[in-house]
file start32.txt (compact mmCIF, C-alpha atoms)
# COMPACT_ATOMS: atom_id res chain seq x y z
CA MET P 1 -47.82 34.47 -99.82
CA ALA P 2 -49.84 33.64 -96.73
CA ARG P 3 -51.47 30.25 -96.60
CA ALA P 4 -55.28 30.27 -96.86
CA VAL P 5 -57.16 29.06 -93.80
CA SER P 6 -60.53 27.42 -94.22
CA ASN P 7 -63.58 28.52 -92.27
CA THR P 8 -63.74 25.12 -90.58
CA THR P 9 -60.19 25.56 -89.27
CA LYS P 10 -61.01 29.06 -88.03
CA ILE P 11 -64.11 27.82 -86.19
CA TRP P 12 -62.16 24.91 -84.68
CA ASN P 13 -59.30 27.15 -83.54
CA THR P 14 -61.73 29.69 -82.06
CA ALA P 15 -63.66 26.99 -80.21
CA THR P 16 -60.46 25.41 -78.89
CA ALA P 17 -59.07 28.76 -77.71
CA GLY P 18 -62.39 29.66 -76.10
CA THR P 19 -62.59 26.33 -74.29
CA LEU P 20 -59.02 26.59 -72.99
CA GLY P 21 -59.62 30.16 -71.89
CA PHE P 22 -62.78 29.17 -70.02
CA LEU P 23 -61.03 26.24 -68.30
CA MET P 24 -58.21 28.53 -67.18
CA PHE P 25 -60.60 31.19 -65.91
CA PHE P 26 -63.11 28.78 -64.32
CA PRO P 27 -61.38 28.54 -60.89
CA ILE P 28 -61.54 32.33 -60.53
CA LEU P 29 -65.17 32.31 -61.68
CA TRP P 30 -66.06 29.64 -59.12
CA ILE P 31 -64.33 31.56 -56.33
CA LEU P 32 -66.28 34.65 -57.37
CA ILE P 33 -69.55 32.71 -57.16
CA LEU P 34 -68.74 31.27 -53.72
CA ALA P 35 -67.79 34.71 -52.43
CA PHE P 36 -71.41 35.83 -52.84
CA LYS P 37 -72.84 32.81 -51.03
CA THR P 38 -73.35 32.01 -47.36
CA GLU P 39 -71.18 29.41 -45.64
CA GLU P 40 -74.09 26.97 -45.66
CA ASP P 41 -74.60 27.36 -49.39
CA ALA P 42 -70.88 27.26 -50.24
CA ILE P 43 -70.46 23.64 -49.10
CA ARG P 44 -73.39 22.30 -51.11
CA ALA P 45 -73.22 20.45 -54.42
CA PRO P 46 -72.20 22.64 -57.39
CA LEU P 47 -75.68 22.82 -58.92
CA GLN P 48 -77.21 23.69 -55.56
CA VAL P 49 -74.62 26.43 -55.12
CA LEU P 50 -75.54 27.94 -58.48
CA PHE P 51 -79.31 27.64 -58.35
CA GLY P 52 -80.24 26.84 -54.78
CA SER P 53 -80.24 30.24 -53.11
CA GLY P 54 -79.75 33.93 -53.57
CA TRP P 55 -76.69 36.15 -53.42
CA THR P 56 -75.30 38.00 -50.45
CA MET P 57 -72.44 40.32 -49.50
CA GLU P 58 -72.19 39.08 -45.93
CA SER P 59 -68.91 37.22 -46.55
CA PHE P 60 -67.21 40.43 -47.71
CA ALA P 61 -68.59 42.30 -44.70
CA ALA P 62 -67.39 39.54 -42.35
CA VAL P 63 -63.92 39.55 -43.89
CA GLN P 64 -63.56 43.32 -43.57
CA ALA P 65 -64.87 43.25 -40.00
CA ARG P 66 -62.39 40.53 -38.99
CA SER P 67 -59.30 41.73 -40.86
CA ASP P 68 -57.87 45.09 -41.82
CA TYR P 69 -57.89 44.64 -45.60
CA PHE P 70 -56.38 48.01 -46.41
CA ARG P 71 -53.36 47.43 -44.17
CA HIS P 72 -52.64 44.14 -45.95
CA PHE P 73 -53.26 45.84 -49.28
CA MET P 74 -50.75 48.59 -48.55
CA ASN P 75 -48.20 46.00 -47.41
CA SER P 76 -48.60 44.18 -50.75
CA VAL P 77 -48.23 47.42 -52.71
CA ILE P 78 -45.13 48.55 -50.82
CA ILE P 79 -43.45 45.14 -50.93
CA SER P 80 -44.17 44.35 -54.59
CA VAL P 81 -43.38 47.82 -55.95
CA GLY P 82 -40.38 48.27 -53.65
CA SER P 83 -38.82 44.91 -54.53
CA THR P 84 -39.29 45.60 -58.25
CA PHE P 85 -37.74 49.09 -57.98
CA LEU P 86 -34.71 47.80 -56.06
CA GLY P 87 -34.34 44.96 -58.55
CA LEU P 88 -34.26 47.44 -61.44
CA LEU P 89 -31.54 49.51 -59.74
CA ILE P 90 -29.32 46.44 -59.63
CA ALA P 91 -30.44 44.75 -62.87
CA ILE P 92 -30.06 47.68 -65.28
CA PRO P 93 -26.26 48.10 -64.78
CA ALA P 94 -25.81 44.31 -64.66
CA ALA P 95 -27.78 43.75 -67.88
CA TRP P 96 -25.94 46.64 -69.56
CA ALA P 97 -22.55 45.11 -68.69
CA MET P 98 -23.56 41.66 -69.92
CA ALA P 99 -25.14 42.96 -73.13
CA PHE P 100 -22.54 45.52 -74.23
CA VAL P 101 -19.34 44.51 -72.42
CA PRO P 102 -19.63 40.70 -72.36
CA ALA P 103 -16.94 38.64 -70.70
CA LYS P 104 -15.88 35.10 -71.46
CA ARG P 105 -18.18 33.68 -68.77
CA THR P 106 -21.17 35.97 -69.31
CA LYS P 107 -23.36 33.19 -70.69
CA ASP P 108 -22.37 30.93 -67.81
CA VAL P 109 -23.25 33.63 -65.27
CA LEU P 110 -26.64 34.15 -66.90
CA MET P 111 -27.36 30.42 -66.81
CA TRP P 112 -26.23 30.23 -63.18
CA MET P 113 -28.56 33.08 -62.21
CA LEU P 114 -31.46 31.40 -63.98
CA SER P 115 -30.66 28.06 -62.33
CA THR P 116 -31.20 29.63 -58.90
CA LYS P 117 -34.92 29.80 -59.76
CA MET P 118 -34.93 25.99 -59.77
CA LEU P 119 -33.88 25.81 -56.13
CA PRO P 120 -36.79 24.81 -53.85
CA PRO P 121 -37.44 27.74 -51.50
CA VAL P 122 -37.83 25.41 -48.53
CA GLY P 123 -34.20 24.38 -49.00
CA VAL P 124 -32.97 27.80 -47.86
CA LEU P 125 -35.81 28.70 -45.51
CA ILE P 126 -33.99 27.86 -42.26
CA PRO P 127 -30.78 29.85 -42.94
CA ILE P 128 -32.72 32.86 -44.24
CA TYR P 129 -35.09 32.69 -41.27
CA LEU P 130 -32.15 32.62 -38.83
CA ILE P 131 -30.44 35.51 -40.60
CA PHE P 132 -33.64 37.56 -40.49
CA ARG P 133 -34.11 36.71 -36.82
CA ASP P 134 -30.60 37.84 -35.92
CA LEU P 135 -30.91 41.05 -37.95
CA GLY P 136 -34.37 41.87 -36.60
CA LEU P 137 -35.99 41.68 -40.05
CA LEU P 138 -38.74 39.20 -39.27
CA ASP P 139 -42.21 40.56 -39.92
CA THR P 140 -40.87 43.75 -41.54
CA ARG P 141 -41.57 45.29 -44.92
CA ILE P 142 -37.85 45.89 -45.48
CA GLY P 143 -37.02 42.22 -44.99
CA LEU P 144 -39.76 40.99 -47.32
CA THR P 145 -38.87 43.59 -49.94
CA PHE P 146 -35.27 42.44 -49.93
CA VAL P 147 -36.19 38.74 -50.19
CA LEU P 148 -38.63 39.24 -53.05
CA MET P 149 -36.12 41.44 -54.84
CA MET P 150 -33.53 38.67 -54.67
CA ILE P 151 -36.07 36.08 -55.85
CA ASN P 152 -37.05 38.09 -58.93
CA LEU P 153 -33.60 39.52 -59.70
CA PRO P 154 -32.57 36.69 -62.11
CA ILE P 155 -35.76 37.20 -64.12
CA ILE P 156 -35.27 40.97 -64.23
CA ILE P 157 -31.67 40.66 -65.41
CA TRP P 158 -32.53 38.04 -68.03
CA MET P 159 -35.39 40.08 -69.47
CA LEU P 160 -33.44 43.34 -69.53
CA TYR P 161 -30.46 41.56 -71.05
CA THR P 162 -32.55 40.34 -73.99
CA TYR P 163 -34.00 43.83 -74.53
CA PHE P 164 -30.60 45.51 -74.35
CA LYS P 165 -29.12 43.02 -76.83
CA GLU P 166 -31.59 44.26 -79.46
CA ILE P 167 -30.37 47.85 -79.12
CA PRO P 168 -27.60 48.61 -81.67
CA GLY P 169 -24.26 49.19 -79.97
CA GLU P 170 -23.46 51.94 -82.47
CA ILE P 171 -26.00 54.20 -80.77
CA LEU P 172 -24.15 53.93 -77.47
CA GLU P 173 -20.83 54.47 -79.22
CA ALA P 174 -22.21 57.65 -80.79
CA ALA P 175 -23.27 58.85 -77.34
CA ARG P 176 -19.75 58.23 -76.02
CA MET P 177 -18.27 60.17 -78.94
CA ASP P 178 -20.54 63.09 -78.02
CA GLY P 179 -19.04 63.08 -74.55
CA ALA P 180 -21.67 61.12 -72.61
CA SER P 181 -20.44 59.50 -69.41
CA LEU P 182 -21.35 55.93 -68.48
CA LYS P 183 -24.10 57.19 -66.15
CA GLU P 184 -25.53 59.49 -68.83
CA GLU P 185 -25.32 56.71 -71.40
CA ILE P 186 -27.45 54.38 -69.26
CA ILE P 187 -29.94 57.00 -68.05
CA TYR P 188 -30.44 59.17 -71.14
CA VAL P 189 -29.74 56.81 -74.05
CA LEU P 190 -30.19 53.17 -73.09
CA THR P 191 -33.11 53.42 -70.66
CA PRO P 192 -35.48 55.46 -72.91
CA MET P 193 -34.90 53.04 -75.80
CA ALA P 194 -35.74 50.06 -73.60
CA ILE P 195 -38.92 51.54 -72.08
CA PRO P 196 -41.31 48.93 -73.61
CA GLY P 197 -39.17 46.05 -72.34
CA MET P 198 -38.64 47.64 -68.94
CA ALA P 199 -42.36 48.28 -68.57
CA SER P 200 -43.21 44.63 -69.23
CA THR P 201 -40.46 43.57 -66.83
CA VAL P 202 -41.86 45.83 -64.10
CA LEU P 203 -45.40 44.55 -64.62
CA LEU P 204 -44.33 40.91 -64.56
CA CYS P 205 -42.21 41.30 -61.43
CA ILE P 206 -44.94 43.18 -59.59
CA ILE P 207 -47.34 40.34 -60.38
CA LEU P 208 -44.83 37.72 -59.21
CA ALA P 209 -44.12 39.61 -55.99
CA TRP P 210 -47.82 40.22 -55.36
CA ASN P 211 -48.58 36.49 -55.67
CA GLU P 212 -45.63 35.24 -53.62
CA ALA P 213 -46.94 33.17 -50.72
CA PHE P 214 -44.15 30.95 -49.38
CA TRP P 215 -41.86 33.68 -48.06
CA THR P 216 -44.63 36.01 -46.95
CA LEU P 217 -46.23 33.27 -44.85
CA ASN P 218 -42.95 32.17 -43.27
CA LEU P 219 -41.29 35.54 -42.65
CA THR P 220 -44.26 37.59 -41.48
CA ALA P 221 -46.81 37.35 -38.69
CA ALA P 222 -48.96 40.48 -38.47
CA LYS P 223 -47.24 43.84 -39.04
CA ALA P 224 -45.89 43.28 -42.56
CA ALA P 225 -48.34 40.57 -43.66
CA PRO P 226 -49.46 41.16 -47.28
CA LEU P 227 -52.61 39.91 -48.97
CA THR P 228 -51.30 36.35 -49.36
CA ALA P 229 -51.21 36.07 -45.58
CA PHE P 230 -54.61 37.77 -45.49
CA ILE P 231 -56.02 34.88 -47.57
CA ALA P 232 -54.25 32.19 -45.55
CA SER P 233 -55.75 33.49 -42.30
CA TYR P 234 -59.10 32.03 -43.35
CA SER P 235 -57.72 28.49 -43.37
CA SER P 236 -57.78 27.44 -39.72
CA PRO P 237 -57.78 24.21 -37.64
CA GLU P 238 -61.51 24.71 -37.14
CA GLY P 239 -62.02 24.12 -40.86
CA LEU P 240 -62.21 25.93 -44.17
CA PHE P 241 -64.72 28.75 -44.37
CA TYR P 242 -65.26 28.54 -48.11
CA ALA P 243 -67.41 31.65 -48.55
CA LYS P 244 -65.16 33.88 -46.46
CA LEU P 245 -62.02 32.34 -47.99
CA SER P 246 -63.40 33.01 -51.46
CA ALA P 247 -64.32 36.59 -50.53
CA ALA P 248 -60.83 37.19 -49.14
CA SER P 249 -59.29 35.70 -52.28
CA ILE P 250 -61.34 37.94 -54.56
CA MET P 251 -60.41 41.00 -52.51
CA ALA P 252 -56.74 40.01 -52.75
CA ILE P 253 -56.54 39.22 -56.46
CA ALA P 254 -58.86 41.97 -57.71
CA PRO P 255 -56.22 44.77 -57.76
CA ILE P 256 -53.65 42.69 -59.65
CA LEU P 257 -56.29 41.36 -62.06
CA ILE P 258 -57.42 44.90 -62.85
CA MET P 259 -53.83 46.05 -63.36
CA GLY P 260 -53.09 43.06 -65.59
CA TRP P 261 -56.24 43.63 -67.63
CA PHE P 262 -55.46 47.26 -68.41
CA SER P 263 -51.75 46.62 -69.04
CA GLN P 264 -52.02 43.37 -71.01
CA LYS P 265 -51.18 45.01 -74.35
CA GLN P 266 -48.03 46.58 -72.92
CA LEU P 267 -47.08 43.32 -71.22
CA VAL P 268 -47.54 41.20 -74.34
CA ARG P 269 -45.79 43.80 -76.52
CA GLY P 270 -42.78 43.95 -74.24
CA LEU P 271 -42.51 40.17 -73.87
CA THR P 272 -42.82 39.67 -77.63
CA PHE P 273 -40.14 42.26 -78.36
CA GLY P 274 -37.52 40.69 -76.19
CA ALA P 275 -37.78 38.03 -73.54
CA VAL P 276 -39.66 35.32 -75.42
CA LYS P 277 -37.43 35.65 -78.47

call {"tool": "encode", "arguments": {"input": "start32.txt", "output": "structure tokens"}}
result
Amino acid sequence: MARAVSNTTKIWNTATAGTLGFLMFFPILWILILAFKTEEDAIRAPLQVLFGSGWTMESFAAVQARSDYFRHFMNSVIISVGSTFLGLLIAIPAAWAMAFVPAKRTKDVLMWMLSTKMLPPVGVLIPIYLIFRDLGLLDTRIGLTFVLMMINLPIIIWMLYTYFKEIPGEILEAARMDGASLKEEIIYVLTPMAIPGMASTVLLCIILAWNEAFWTLNLTAAKAAPLTAFIASYSSPEGLFYAKLSAASIMAIAPILIMGWFSQKQLVRGLTFGAVK
């Protein structure tokens, strides 16, 4: 029998959750406010920013006039979606092997892959930069796609592994008895059953790749620069242009925020079904 919860507890929990949600969202709200202010207003005291003057779109117009937003946007789309797609091509067979044909060191391999996420990126920046320079991959979409795929690959494998472990092995055995090959088993039996988990994995990895700043700033200059570099271009030695920087930030995060908002149910459902457990 479920334990009864008093009205006071419900009110307290609601107020606490609302306060935490507001504190987490407040930085984005403040950036949104600054984006609609002039540079003179953006550097004023907070109350003067809110109530001291009107609203304007001139920062957005200045950002679009100075930078080609849509080129950066397309770079972000191609790099984030491409790295996620390549990661899935590698992770699905790897997760299948670890989930259904485990070896003695499978757990150790999984822990080793996850431990690579603890490595500071700056620790491998110089060798990767030199490799990219020698291969002609600097400031290219292909190079960034490959790097982001490798960065997110441990997460993709771990998440798919947990989803695949929840699928009964008897179903795959029945498919083999019906004459299904290994390729058909993965494509026509395993993959459709893991669609919710794969969808949440895709969404999470796209978000991670979209927000990646360290590698995009160090391995690109102009041609393949995504929206993270688009934002950083408004931090210059001459100073911080808060209104324009805020406008550029809103333009960069708006697509991923909209995608996350409409796909939050699928993301939470997939994470709850597998990875968090």

call {"tool": "closest_residue", "arguments": {"input": "start32.txt", "among": "P:Ile206, P:Leu219, P:Leu190, P:Ile90", "to": "P:Met259", "atoms": "all atoms listed in the file"}}
result
P:Ile206

call {"tool": "closest_residue", "arguments": {"input": "start32.txt", "among": "P:Ala99, P:Ile156, P:Pro192, P:Leu20", "to": "P:Pro168", "atoms": "all atoms listed in the file"}}
result
P:Ala99

call {"tool": "atom_distance", "arguments": {"input": "start32.txt", "atom1": "atom CA of P:Val202", "atom2": "atom CA of P:Tyr163"}}
result
13.2 Å

call {"tool": "closest_residue", "arguments": {"input": "start32.txt", "among": "P:Ala45, P:Ile207, P:Lys244, P:Val101", "to": "P:Ile258", "atoms": "all atoms listed in the file"}}
result
P:Ile207

call {"tool": "closest_residue", "arguments": {"input": "start32.txt", "among": "P:Gly143, P:Gly123, P:Ala17, P:Glu40", "to": "P:Ala224", "atoms": "all atoms listed in the file"}}
result
P:Gly143

call {"tool": "axis_aligned_box", "arguments": {"input": "start32.txt", "around": "stretch 201-216 of chain P", "padding_each_side": "3 Å", "output": "AutoDock Vina command-line options"}}
result
--center_x -44.5 --center_y 38.4 --center_z -56.9 --size_x 14.1 --size_y 20.9 --size_z 25.9

call {"tool": "residues_around", "arguments": {"input": "start32.txt", "residues": "P:Ala91", "least_positions_apart": "4", "cutoff": "6 Å", "atoms": "all atoms listed in the file", "output": "PyMOL selection string"}}
result
chain P and resi 87+95+157

call {"tool": "residues_around", "arguments": {"input": "start32.txt", "residues": "P:Cys205", "least_positions_apart": "5", "cutoff": "12 Å", "atoms": "only C-alpha atoms", "output": "PyMOL selection string"}}
result
chain P and resi 79-88+148-157+159+198-200+210-212+256+260+267

call {"tool": "residues_around", "arguments": {"input": "start32.txt", "residues": "P:Ala97", "least_positions_apart": "5", "cutoff": "10 Å", "atoms": "only C-alpha atoms", "output": "number ranges by chain"}}
result
P: 91-92, 102-103, 106, 161, 164

call {"tool": "residues_around", "arguments": {"input": "start32.txt", "residues": "P:Phe100", "least_positions_apart": "3", "cutoff": "8 Å", "atoms": "all atoms listed in the file", "output": "list in words"}}
result
Trp96, Ala97, Lys165 and Gly169 of chain P

call {"tool": "residues_near_point", "arguments": {"input": "start32.txt", "point": "(-75.4, 38.5, -48.6)", "cutoff": "12 Å", "atoms": "only C-alpha atoms", "output": "number ranges by chain"}}
result
P: 33-41, 53-62, 243-244, 247

call {"tool": "residues_around", "arguments": {"input": "start32.txt", "residues": "P:Asp139", "least_positions_apart": "3", "cutoff": "9 Å", "atoms": "all atoms listed in the file", "output": "ChimeraX atom specification"}}
result
/P:136,142-144,216,219-225

call {"tool": "build_atoms", "arguments": {"input": "start32.txt", "residues": "stretch 32-59 of chain P", "atoms": "N, CA and C atoms", "output": "PDB file, keeping the file's coordinate frame"}}
result
ATOM      1  N   LEU P  32     -65.416  33.465 -57.355  1.00  0.00           N
ATOM      2  CA  LEU P  32     -66.280  34.650 -57.370  1.00  0.00           C
ATOM      3  C   LEU P  32     -67.714  34.285 -56.994  1.00  0.00           C
ATOM      4  N   ILE P  33     -68.187  33.156 -57.488  1.00  0.00           N
ATOM      5  CA  ILE P  33     -69.550  32.710 -57.160  1.00  0.00           C
ATOM      6  C   ILE P  33     -69.658  32.392 -55.668  1.00  0.00           C
ATOM      7  N   LEU P  34     -68.689  31.639 -55.135  1.00  0.00           N
ATOM      8  CA  LEU P  34     -68.740  31.270 -53.720  1.00  0.00           C
ATOM      9  C   LEU P  34     -68.650  32.482 -52.806  1.00  0.00           C
ATOM     10  N   ALA P  35     -67.949  33.517 -53.264  1.00  0.00           N
ATOM     11  CA  ALA P  35     -67.790  34.710 -52.430  1.00  0.00           C
ATOM     12  C   ALA P  35     -69.127  35.388 -52.146  1.00  0.00           C
ATOM     13  N   PHE P  36     -70.097  35.202 -53.019  1.00  0.00           N
ATOM     14  CA  PHE P  36     -71.410  35.830 -52.840  1.00  0.00           C
ATOM     15  C   PHE P  36     -72.439  34.858 -52.286  1.00  0.00           C
ATOM     16  N   LYS P  37     -71.958  33.766 -51.651  1.00  0.00           N
ATOM     17  CA  LYS P  37     -72.840  32.810 -51.030  1.00  0.00           C
ATOM     18  C   LYS P  37     -72.594  32.773 -49.524  1.00  0.00           C
ATOM     19  N   THR P  38     -73.551  32.213 -48.794  1.00  0.00           N
ATOM     20  CA  THR P  38     -73.350  32.010 -47.360  1.00  0.00           C
ATOM     21  C   THR P  38     -72.494  30.767 -47.153  1.00  0.00           C
ATOM     22  N   GLU P  39     -71.997  30.577 -45.929  1.00  0.00           N
ATOM     23  CA  GLU P  39     -71.180  29.410 -45.640  1.00  0.00           C
ATOM     24  C   GLU P  39     -71.985  28.116 -45.826  1.00  0.00           C
ATOM     25  N   GLU P  40     -73.261  28.157 -45.485  1.00  0.00           N
ATOM     26  CA  GLU P  40     -74.090  26.970 -45.660  1.00  0.00           C
ATOM     27  C   GLU P  40     -74.253  26.615 -47.121  1.00  0.00           C
ATOM     28  N   ASP P  41     -74.420  27.611 -47.969  1.00  0.00           N
ATOM     29  CA  ASP P  41     -74.600  27.360 -49.390  1.00  0.00           C
ATOM     30  C   ASP P  41     -73.295  26.960 -50.070  1.00  0.00           C
ATOM     31  N   ALA P  42     -72.159  27.482 -49.573  1.00  0.00           N
ATOM     32  CA  ALA P  42     -70.880  27.260 -50.240  1.00  0.00           C
ATOM     33  C   ALA P  42     -70.424  25.809 -50.194  1.00  0.00           C
ATOM     34  N   ILE P  43     -70.909  25.030 -49.228  1.00  0.00           N
ATOM     35  CA  ILE P  43     -70.460  23.640 -49.100  1.00  0.00           C
ATOM     36  C   ILE P  43     -71.427  22.660 -49.770  1.00  0.00           C
ATOM     37  N   ARG P  44     -72.441  23.171 -50.441  1.00  0.00           N
ATOM     38  CA  ARG P  44     -73.390  22.300 -51.110  1.00  0.00           C
ATOM     39  C   ARG P  44     -72.838  21.810 -52.448  1.00  0.00           C
ATOM     40  N   ALA P  45     -73.590  20.945 -53.093  1.00  0.00           N
ATOM     41  CA  ALA P  45     -73.220  20.450 -54.420  1.00  0.00           C
ATOM     42  C   ALA P  45     -73.182  21.614 -55.404  1.00  0.00           C
ATOM     43  N   PRO P  46     -72.362  21.505 -56.459  1.00  0.00           N
ATOM     44  CA  PRO P  46     -72.200  22.640 -57.390  1.00  0.00           C
ATOM     45  C   PRO P  46     -73.512  23.190 -57.942  1.00  0.00           C
ATOM     46  N   LEU P  47     -74.428  22.321 -58.358  1.00  0.00           N
ATOM     47  CA  LEU P  47     -75.680  22.820 -58.920  1.00  0.00           C
ATOM     48  C   LEU P  47     -76.524  23.520 -57.866  1.00  0.00           C
ATOM     49  N   GLN P  48     -76.477  23.030 -56.636  1.00  0.00           N
ATOM     50  CA  GLN P  48     -77.210  23.690 -55.560  1.00  0.00           C
ATOM     51  C   GLN P  48     -76.598  25.040 -55.221  1.00  0.00           C
ATOM     52  N   VAL P  49     -75.275  25.141 -55.349  1.00  0.00           N
ATOM     53  CA  VAL P  49     -74.620  26.430 -55.120  1.00  0.00           C
ATOM     54  C   VAL P  49     -75.076  27.449 -56.148  1.00  0.00           C
ATOM     55  N   LEU P  50     -75.189  27.020 -57.406  1.00  0.00           N
ATOM     56  CA  LEU P  50     -75.540  27.940 -58.480  1.00  0.00           C
ATOM     57  C   LEU P  50     -77.017  28.342 -58.446  1.00  0.00           C
ATOM     58  N   PHE P  51     -77.886  27.371 -58.179  1.00  0.00           N
ATOM     59  CA  PHE P  51     -79.310  27.640 -58.350  1.00  0.00           C
ATOM     60  C   PHE P  51     -80.138  27.505 -57.071  1.00  0.00           C
ATOM     61  N   GLY P  52     -79.469  27.148 -55.967  1.00  0.00           N
ATOM     62  CA  GLY P  52     -80.240  26.840 -54.780  1.00  0.00           C
ATOM     63  C   GLY P  52     -80.646  28.023 -53.945  1.00  0.00           C
ATOM     64  N   SER P  53     -79.926  29.111 -53.999  1.00  0.00           N
ATOM     65  CA  SER P  53     -80.240  30.240 -53.110  1.00  0.00           C
ATOM     66  C   SER P  53     -79.832  31.546 -53.767  1.00  0.00           C
ATOM     67  N   GLY P  54     -80.060  32.617 -53.037  1.00  0.00           N
ATOM     68  CA  GLY P  54     -79.750  33.930 -53.570  1.00  0.00           C
ATOM     69  C   GLY P  54     -78.296  34.320 -53.346  1.00  0.00           C
ATOM     70  N   TRP P  55     -78.039  35.610 -53.523  1.00  0.00           N
ATOM     71  CA  TRP P  55     -76.690  36.150 -53.420  1.00  0.00           C
ATOM     72  C   TRP P  55     -76.625  37.099 -52.234  1.00  0.00           C
ATOM     73  N   THR P  56     -75.464  37.166 -51.631  1.00  0.00           N
ATOM     74  CA  THR P  56     -75.300  38.000 -50.450  1.00  0.00           C
ATOM     75  C   THR P  56     -73.886  38.561 -50.383  1.00  0.00           C
ATOM     76  N   MET P  57     -73.753  39.692 -49.707  1.00  0.00           N
ATOM     77  CA  MET P  57     -72.440  40.320 -49.500  1.00  0.00           C
ATOM     78  C   MET P  57     -71.922  40.097 -48.096  1.00  0.00           C
ATOM     79  N   GLU P  58     -72.557  39.215 -47.336  1.00  0.00           N
ATOM     80  CA  GLU P  58     -72.190  39.080 -45.930  1.00  0.00           C
ATOM     81  C   GLU P  58     -70.778  38.542 -45.747  1.00  0.00           C
ATOM     82  N   SER P  59     -70.278  37.739 -46.674  1.00  0.00           N
ATOM     83  CA  SER P  59     -68.910  37.220 -46.550  1.00  0.00           C
ATOM     84  C   SER P  59     -67.892  38.348 -46.654  1.00  0.00           C
TER      85      SER P  59
END
